[in-house]
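The structure appears right after this line, and notes come after that.
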Amino acid sequence: MRPTAEIAAKYFHGTWRQSARQTSCPLGARTSIAGPGSTNIPNFRPSEQERLATEAAQWLAQLDLGTADQAAFERWRDQSPAHALAFARAYARWEQLDGNEAPQAEQHVGPSASRRALMRTALTTAAVFGIGGGLLTSRAYAWDHAETGVGETRKLMLPDGSVLALNTDTAVAWKFNDTQRVVRLERGEVALDVSPGPGMLSLESEGASTALSAGRFNARLKAGALDVMVLRGKASSKAQALGSAHAPIVADAYHTLLLATGEPSVRTVSKQQVAATLAWQDGEILFQDEPLSVALEEYNRYLPGKIVIVDSSLSGIRVGGRFTSTDPSAFLEALEATLDIDARPVNGNYVLTRKK
Amino acid sequence: MSALRPIDRWFIDEVLPHEAAFLEAARRLERDPDAANDLVQAAFVKLIAMDGWAQIAQPRQYVMRMLRNMSIERLRRAKIVEFQRMSEIDDFDFEDDAPDQFRIASGKDMIDRIGKALQAMPERCRTVLVRRRFDQQPPKEIARELGISLSTMEKRLARAVVLLIRALEPDGARNGSAASPAETDTRDDAANG
């Protein structure tokens with residue numbers, strides 16, 4: 001008889017919830033807003049705000065003219081959130097001048113539309129890369145990079161407001177300008193919340209390319225194949241090579257687009273698959289009746305010290321449950337308690353054997 | 001190294017455009033207009049140093065709740081708790097069904113105010129701002145043509161930005177404590193001339 005002892009999801013749910021509350025990002029309006037020990041509302045006297053506004057304006061002027069000492073600027077801004085706020089306010093006002101004509105009293109001709117577009121690009125680039133005066137050519141079209149190590153996740157905002165989340169052991173690069181938005185997945189897994197833009201966002205990996213509409217996506221690179229799950233919006237395959245015979249294939253919500261060496265394919269996804277895909281963004285890992293070997297492979301992506309099966313008869317045991325992705329202790333305890341499996345730490349790894 | 005960190009970008013795009021609405025809500029929560037301004041400023045200071053910003057699905061609603069909770073927190077710590085105000089705050093609703101209309105209205109209004117702010121600025125400041133920001137003229141060229149040093153240009157540009165910040169503040173922010181635009185400009189002219 002096949003061993004079907006399944007770890008009850010309910011049992012672990014309790015354990016996990018508790019720890020998640022302490023570790024996950026506190027966004028509950030009531031409890032977390034004030035933050036620990038900061039319930040006092042300091043007095044922001046207008047004079048103080050004025051002073052910071054003046055300093056922020058000086059930094060902005062220097063950054064624009066290319067005379068700023070970047071490190072000194074960063075130090076100034078890091079002094080307090082009020083400093084950062086003053087600079088953000090100044091920058092926002094500066095930015096708001098976009099799309100406005102120069103006052104007529106001035107003998108200057110207003111910038112042409114294309115010039116304004118160029119200016120906008122220049123400013124956005126300055127914002128992202130923080131280069132002063134001669135910024136136009138130097139890095140305007142360079143790639144920007146981000147990566148995470150094993151067990152790390154990161155969330156960041158792209159220049160167009162799209163949000164990019166990196167799962168464990170992931171490397172990604174992007175290039176944004178007025179005419180294109182390109183994100184390149186080099187390793188691992190990302191979630192993308194794509195803002196509406198002038199065109200599609202192009203998501204690439206080595207050898208595969210898709211066009212994403214505004215929406216929410218999860219992309220994972222596994223064994224050379226790019227797997228794009230669509231949660232909202234559309235993903236369409238692009239011809240992989242010039243003269244390729246494939247017509248674009250489109251996946252919409254709750255479908256995945258799989259781009260491997262052969263022809264792209266579209267499959268529907270189950271709610272469980274979606275839940276498992278979303279889980280990592282909350283620092284969770286979700287198993288639903290999966291063979292232990294598959295579950296461990298998934299878990300090990302997050303762990304610097306790996307869980308290893310020694311007794312191969314264990315690999316087929318099916319498991320389920322919801323766990324904290326970076327801490328396997330609850331998972332290992334559950335295996336010991338319910339499946340008679342022994343988890344032994346060996347040189348920073350965990351070795352699983354059947355209990356004698 | 002960058003002038004704007006991702007959190008700043010988010011803050012400028014998702015939070016700051018709603019400042020007028022936040023101030024209005026804060027004035028309903030706090031009785032004193034200065035206290036209302038402090039409340040919004042305190043909330044902003046927290047937001048711009050917050051770790052979980054990217055996960056906030058509805059920043060406007062989030063900040064509204066934040067203002068309400070902070071206001072309650074303040075009240076609780078007051079020596080004499082005003083029960084009536086407690087219940088008032090409890091009834092505070094976020095009135096939040098028309099953020100888009102708000103955005104559009106403030107957009108039109110903003111263009112108007114920017115024009116006025118530019119006109120009201122001392123000419124020496126405006127000239128540098130226009131040449132840099134609208135004409136994208138290289139700093140050295142501006143310095144040469146105007147016969148001024150880079151550091152003088154820096155000061156004038158910074159002054160222009162300060163005046164812009166002041167002129168574009170939402171209505172009612174820092175009521176009565178800041179000089180009126182007309183007075184401010186006179187003073188600047190005097191200081192610069």
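Residues are named by chain letter and number: chains run A, B, ... in the order of the structure tokens, numbers start at 1 in each chain, and ligands are numbered from 1 in the order shown.
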
Which residues of chain B have any atom within 6 Å of an atom in chain A when counting only C-alpha atoms, and what is the closest pair of atoms for each, with the distance in Å to one decimal? Order the rows by chain and rising number and write it as JSON lines.
```
{"residue": "B:Ser2", "atom": "CA", "partner": "A:Gly130", "partner_atom": "CA", "distance": 3.8}
{"residue": "B:Ala3", "atom": "CA", "partner": "A:Gly130", "partner_atom": "CA", "distance": 4.7}
{"residue": "B:Leu4", "atom": "CA", "partner": "A:Ala127", "partner_atom": "CA", "distance": 5.2}
{"residue": "B:Pro6", "atom": "CA", "partner": "A:Met157", "partner_atom": "CA", "distance": 5.6}
{"residue": "B:Asp8", "atom": "CA", "partner": "A:Ala88", "partner_atom": "CA", "distance": 6.0}
{"residue": "B:Ile12", "atom": "CA", "partner": "A:Ala92", "partner_atom": "CA", "distance": 6.0}
{"residue": "B:Asp38", "atom": "CA", "partner": "A:Phe44", "partner_atom": "CA", "distance": 5.7}
{"residue": "B:Val45", "atom": "CA", "partner": "A:Pro81", "partner_atom": "CA", "distance": 5.3}
{"residue": "B:Ala49", "atom": "CA", "partner": "A:Pro81", "partner_atom": "CA", "distance": 5.8}
{"residue": "B:Gly52", "atom": "CA", "partner": "A:Cys25", "partner_atom": "CA", "distance": 5.5}
{"residue": "B:Pro139", "atom": "CA", "partner": "A:Leu65", "partner_atom": "CA", "distance": 5.9}
{"residue": "B:Glu154", "atom": "CA", "partner": "A:Ala61", "partner_atom": "CA", "distance": 5.7}
{"residue": "B:Leu157", "atom": "CA", "partner": "A:Ala61", "partner_atom": "CA", "distance": 5.7}
{"residue": "B:Ala158", "atom": "CA", "partner": "A:Gln58", "partner_atom": "CA", "distance": 4.7}
{"residue": "B:Val161", "atom": "CA", "partner": "A:Ala57", "partner_atom": "CA", "distance": 5.6}
{"residue": "B:Val162", "atom": "CA", "partner": "A:Ala57", "partner_atom": "CA", "distance": 5.9}
```

May I have the selected residues written with N, CA, C and O atoms, as a CSV table (one decimal), in the first residue's frame?
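Okay, this is what ended up in result_4.csv:
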```csv
chain,number,residue,atom,x,y,z
B,2,SER,N,21.3,57.2,-6.1
B,2,SER,CA,20.2,57.9,-7.0
B,2,SER,C,19.6,59.0,-6.2
B,2,SER,O,19.6,59.1,-5.0
B,3,ALA,N,19.0,59.9,-6.9
B,3,ALA,CA,18.3,61.0,-6.3
B,3,ALA,C,17.0,60.6,-5.7
B,3,ALA,O,16.6,61.0,-4.6
B,4,LEU,N,16.4,59.7,-6.4
B,4,LEU,CA,15.1,59.1,-5.8
B,4,LEU,C,15.3,57.6,-5.6
B,4,LEU,O,15.7,56.9,-6.4
B,6,PRO,N,13.3,54.0,-4.6
B,6,PRO,CA,12.0,53.5,-5.0
B,6,PRO,C,10.9,54.0,-4.1
B,6,PRO,O,9.8,54.4,-4.6
B,8,ASP,N,10.7,56.8,-2.6
B,8,ASP,CA,10.4,58.2,-2.9
B,8,ASP,C,9.5,58.3,-4.1
B,8,ASP,O,8.6,59.1,-4.2
B,12,ILE,N,5.9,59.9,-4.0
B,12,ILE,CA,5.5,61.0,-4.9
B,12,ILE,C,4.3,60.7,-5.8
B,12,ILE,O,3.4,61.5,-6.0
B,38,ASP,N,0.3,68.9,11.5
B,38,ASP,CA,1.2,68.1,12.1
B,38,ASP,C,0.9,66.6,11.9
B,38,ASP,O,1.8,65.8,11.7
B,45,VAL,N,6.0,61.3,7.4
B,45,VAL,CA,7.3,60.9,7.9
B,45,VAL,C,7.4,59.4,8.1
B,45,VAL,O,8.4,58.7,7.8
B,49,ALA,N,9.5,56.2,5.6
B,49,ALA,CA,10.5,55.4,6.2
B,49,ALA,C,10.0,53.9,6.4
B,49,ALA,O,10.5,53.2,7.1
B,52,GLY,N,7.2,48.2,4.3
B,52,GLY,CA,6.2,47.5,3.5
B,52,GLY,C,5.4,48.3,2.4
B,52,GLY,O,4.4,47.9,1.9
B,139,PRO,N,24.2,73.8,-17.9
B,139,PRO,CA,24.6,74.8,-16.9
B,139,PRO,C,25.7,75.8,-17.2
B,139,PRO,O,25.5,77.0,-17.0
B,154,GLU,N,23.3,78.2,-8.8
B,154,GLU,CA,22.8,77.2,-7.8
B,154,GLU,C,21.9,77.8,-6.8
B,154,GLU,O,20.8,77.3,-6.5
B,157,LEU,N,18.6,78.9,-8.5
B,157,LEU,CA,17.8,77.8,-8.8
B,157,LEU,C,17.1,77.2,-7.5
B,157,LEU,O,15.9,76.9,-7.5
B,158,ALA,N,17.9,77.1,-6.5
B,158,ALA,CA,17.4,76.6,-5.2
B,158,ALA,C,16.3,77.5,-4.7
B,158,ALA,O,15.2,77.1,-4.2
B,161,VAL,N,13.1,76.9,-6.5
B,161,VAL,CA,12.5,75.7,-6.1
B,161,VAL,C,11.7,75.9,-4.8
B,161,VAL,O,10.6,75.4,-4.6
B,162,VAL,N,12.4,76.6,-3.9
B,162,VAL,CA,11.7,76.9,-2.6
B,162,VAL,C,10.4,77.7,-2.8
B,162,VAL,O,9.3,77.3,-2.3
```

Write out as a tab-separated table (two decimals) with N, CA and C atoms, in the first residue's frame the residues lying within 10 Å of A:Gly149, counting only C-alpha atoms and excluding same-chain residues fewer than 5 positions away.
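For reference, part15.tsv as written:
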```tsv
chain	number	residue	atom	x	y	z
A	154	ARG	N	12.87	40.24	-2.35
A	154	ARG	CA	13.00	41.69	-2.47
A	154	ARG	C	11.88	42.21	-3.33
A	166	LEU	N	11.22	39.87	-6.29
A	166	LEU	CA	12.18	38.80	-6.58
A	166	LEU	C	12.08	37.72	-5.53
A	167	ASN	N	11.93	36.49	-5.98
A	167	ASN	CA	11.93	35.37	-5.05
A	167	ASN	C	13.38	34.97	-4.74
A	168	THR	N	13.51	33.92	-3.98
A	168	THR	CA	14.84	33.46	-3.58
A	168	THR	C	15.76	33.20	-4.77
A	169	ASP	N	17.03	33.48	-4.61
A	169	ASP	CA	18.04	33.13	-5.60
A	169	ASP	C	17.66	33.57	-7.02
A	170	THR	N	17.43	34.84	-7.16
A	170	THR	CA	16.93	35.38	-8.43
A	170	THR	C	17.81	36.53	-8.91
A	171	ALA	N	17.99	36.61	-10.22
A	171	ALA	CA	18.70	37.75	-10.79
A	171	ALA	C	17.88	38.31	-11.93
A	302	TYR	N	14.93	27.68	-0.90
A	302	TYR	CA	14.96	28.77	0.07
A	302	TYR	C	16.00	28.58	1.17
A	304	PRO	N	19.72	27.73	2.76
A	304	PRO	CA	21.16	27.62	2.56
A	304	PRO	C	21.63	26.21	2.94
```

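Between atom CA of B:Ala117 and atom CA of B:Arg9 the interatomic distance comes to 24.0 Å.
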
Separation of atom CA of A:Ala219 from atom CA of A:Thr277, in Å and rounded to one decimal: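 A separation of 9.6 Å between them.
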